[in-house]
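Peer 1: Once you've had a glance at the structure underneath, I'll fire off some questions.
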Amino acid sequence: MLRVENLSKNYGDLVAADKVSFESGKGTVFGLLGPNGAGKSTTINCISGLLQPTSGHAFVAGHDVVADGKAARQNLGVVPQELALYEDLPAVENLRYWGKAYGLRGAELDSRVSEVLDTIGLRDRAKDLPKKFSGGMKRRLNFGCGIVHRPPVILLDEPTVGVDPQSRARLFDMVEAERDAGACVLYTTHYMEEAERLCDSLAIMDHGKVIAKGTVSELRAKLSARDVLQLNGTFPLDETRHAVEMIMERGDLDLEVITQEEHCVTLTLSRASQHLPVIFTAISGAGGIVTETILRSPNLETLFLLLTGKELRE
């Protein structure tokens, strides 16, 4: 249902998306995961037709988004990160507007708008203006406007930004309902827990590139059960580097250095909690002072840290 092939978007010397490729089928949620500025929104905007790719292709339900843009867009539902609502139109009229824009009329339109009001939990507020809604209610209405025409492919660009926990849970339920109804959902987020809950498979992006891709279980397997150990404090660079190298030369710890800075050292190794005394002794002997220890068990967030050397939310 959705295929992206070597898609790139340049702004002069800035490469916002760099040869991005992935595909997803019916009844699945495919995630684009990465920090702000990774290229997720640029990729979605190229798929939706808001931007024309510099090179490469994207296909929606078999239609090239550039060569056959109208047919591609007819098969798309887009829920943008920025709210696409008319604040001075009642909620029900927002839904009717977008339904008509995609060709719904008469009884079919009335029935579908009624159904969506129930889906997004706003039937009792149908005649109220969105400008009077909470952030979470606006997000749910924004979602409803994107699915009112029953699109087979849905693009969700960080749909839970700024919402309360209750609305976030409701949005998760709505995404899963669309997937279960057979839709192909492309979901962008920089929240690991969302990706782990919703996505059947995903691509991790950073600086416009796809740096890892696969199912959630496949990506977890890349970690090989290795923990990530972050030490904060003060660490003389040369002495600390030498101390860590001496530990690695012993060969009894499968230890790797992710980052080493004056105030932070990040390592990865198996069963890290069992080896903390050896590591602390070596770093202390090198003149380092540990003020905080953060130990992360293997998950998608530690995978991102391993791949990029930085926190996801930076």
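Naming works like this for the structure tokens: A, B, ... for the chains as they're shown, residue 1 at the start of each chain, ligands 1 onward in shown order.
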Leaving out Ser21 of chain A and any residue of its chain fewer than 5 positions from it, which residues lie within 7 Å of it when counting only C-alpha atoms, given as a list in words?
Peer 2: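 Within the cut-off, the hits are Val4, Glu5, Asn6 and Leu7 of chain A.
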Peer 1: Taking a cut-off of 12 Å and counting only C-alpha atoms, can you build a table that, for each residue of segment 6-92 of chain A near segment 300-308 of chain A, reports the nearest atom pair and how far apart they are in Å (one decimal), sorted by chain then residue number, as JSON lines?
Peer 2:
{"residue": "A:Leu33", "atom": "CA", "partner": "A:Phe304", "partner_atom": "CA", "distance": 9.4}
{"residue": "A:Gly34", "atom": "CA", "partner": "A:Phe304", "partner_atom": "CA", "distance": 8.3}
{"residue": "A:Pro35", "atom": "CA", "partner": "A:Phe304", "partner_atom": "CA", "distance": 9.8}
{"residue": "A:Ala38", "atom": "CA", "partner": "A:Thr308", "partner_atom": "CA", "distance": 11.6}
Peer 1: Quick one: of A:Thr188, A:Thr28, A:Ser8, A:Thr293, who's nearest to Ser273 of chain A, counting only C-alpha atoms?
Peer 2: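 The closest residue to Ser273 of chain A is A:Thr293.
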Peer 1: Quick one: residues within 7 Å of segment 129-138 of chain A, only C-alpha atoms counted, chain neighbours fewer than 2 positions away excluded, as a list in words?
Peer 2: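 Result of the neighbour search: Glu87, Asp88, Leu89, Pro90, Ala91, Lys127, Arg140, Leu141, Asn142, Gly162, Val163, Asp164 and Ser167 of chain A.
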Peer 1: Hey, can you spit out that residue selection with C-alpha atoms as a tab-separated table (two decimals), in the first residue's frame?
Peer 2:
chain	number	residue	atom	x	y	z
A	87	GLU	CA	-11.58	26.97	14.77
A	88	ASP	CA	-14.80	28.91	14.00
A	89	LEU	CA	-16.66	25.91	12.54
A	90	PRO	CA	-18.36	23.39	14.87
A	91	ALA	CA	-16.62	20.04	15.17
A	127	LYS	CA	-21.82	21.44	17.75
A	140	ARG	CA	-8.82	13.80	18.34
A	141	LEU	CA	-10.84	16.00	15.98
A	142	ASN	CA	-7.72	16.48	13.83
A	162	GLY	CA	1.04	18.09	23.68
A	163	VAL	CA	-1.89	15.88	24.71
A	164	ASP	CA	-2.91	14.61	28.12
A	167	SER	CA	-6.32	11.62	25.09
